[in-house]
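This report concerns only the one structure given below.
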Amino acid sequence: IGSNQVFLIGDNRPMSFDSRSFGPVDLDVIVGKAVVVIWPPVDMQLL
């Protein structure tokens with residue numbers, strides 16, 4: 001992984017289409033960020 005790349009992994013490993021399938025992602029193509037966890041409700045929190 002390069003210094004300007006990230007490796008993305010989905011939360012459902014067997015079914016996720018993520019960096020294990022398509023490789024690292026350049027930082028300049030990321031347009032947002034996660035700010036809250038809403039599921040499951042018991043784990044609801046701001047990040």
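Residue numbering restarts at 1 for every chain of the structure tokens, chains are lettered A, B, ... in their displayed order, and ligands are numbered from 1 as they appear.
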
Do you know which residues are at most 10 Å from Gly2 of chain A counting only C-alpha atoms, after dropping those on the same chain fewer than 4 positions away, and could you put them as an mmCIF file with C-alpha atoms, in the first residue's frame?
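Done, and the output landed in out.cif:
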```cif
data_model
loop_
_atom_site.group_PDB
_atom_site.id
_atom_site.type_symbol
_atom_site.label_atom_id
_atom_site.label_comp_id
_atom_site.auth_asym_id
_atom_site.auth_seq_id
_atom_site.Cartn_x
_atom_site.Cartn_y
_atom_site.Cartn_z
ATOM 1 C CA VAL A 6 -5.944 2.995 2.061
ATOM 2 C CA PHE A 7 -7.017 -0.651 2.250
ATOM 3 C CA PRO A 24 -5.824 -0.324 -2.408
ATOM 4 C CA VAL A 25 -7.745 2.922 -2.981
ATOM 5 C CA ASP A 26 -6.070 6.282 -3.615
ATOM 6 C CA LEU A 27 -6.892 8.900 -0.968
#
```

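Summary of the local environment: counting only C-alpha atoms, residues at most 8 Å from Leu46 of chain A, other than itself and those fewer than 6 positions away along its chain, are Val35, Val36 and Val37 of chain A.
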
Restricting it to N, CA and C atoms, dump the selection as an mmCIF file, in the first residue's frame.
```cif
data_model
loop_
_atom_site.group_PDB
_atom_site.id
_atom_site.type_symbol
_atom_site.label_atom_id
_atom_site.label_comp_id
_atom_site.auth_asym_id
_atom_site.auth_seq_id
_atom_site.Cartn_x
_atom_site.Cartn_y
_atom_site.Cartn_z
ATOM 1 N N VAL A 35 -19.004 9.103 10.240
ATOM 2 C CA VAL A 35 -19.028 9.947 11.433
ATOM 3 C C VAL A 35 -19.854 9.348 12.564
ATOM 4 N N VAL A 36 -20.633 8.293 12.265
ATOM 5 C CA VAL A 36 -21.480 7.710 13.302
ATOM 6 C C VAL A 36 -21.698 6.226 13.027
ATOM 7 N N VAL A 37 -21.780 5.448 14.099
ATOM 8 C CA VAL A 37 -22.184 4.044 14.031
ATOM 9 C C VAL A 37 -23.638 4.004 14.471
#
```

Could you pull out the residues in chain A that DSSP calls alpha helix (DSSP H) from the backbone, as a compact mmCIF listing (two decimals) with C-alpha atoms, in the first residue's frame?
```txt
# COMPACT_ATOMS: atom_id res chain seq x y z
CA SER A 19 -9.86 -3.98 -1.24
CA ARG A 20 -9.33 -7.72 -1.01
CA SER A 21 -11.08 -7.81 -4.41
CA PHE A 22 -10.04 -4.51 -6.05
```

Could you pull out the strand (DSSP E) residues of chain A, going by DSSP on the backbone, and write them as an mmCIF file with C-alpha atoms, in the first residue's frame?
```cif
data_model
loop_
_atom_site.group_PDB
_atom_site.id
_atom_site.type_symbol
_atom_site.label_atom_id
_atom_site.label_comp_id
_atom_site.auth_asym_id
_atom_site.auth_seq_id
_atom_site.Cartn_x
_atom_site.Cartn_y
_atom_site.Cartn_z
ATOM 1 C CA GLN A 5 -3.610 4.843 -0.311
ATOM 2 C CA VAL A 6 -5.944 2.995 2.061
ATOM 3 C CA VAL A 25 -7.745 2.922 -2.981
ATOM 4 C CA ASP A 26 -6.070 6.282 -3.615
ATOM 5 C CA VAL A 36 -21.480 7.710 13.302
ATOM 6 C CA VAL A 37 -22.184 4.044 14.031
ATOM 7 C CA GLN A 45 -21.820 6.254 18.820
ATOM 8 C CA LEU A 46 -20.073 9.173 17.157
#
```
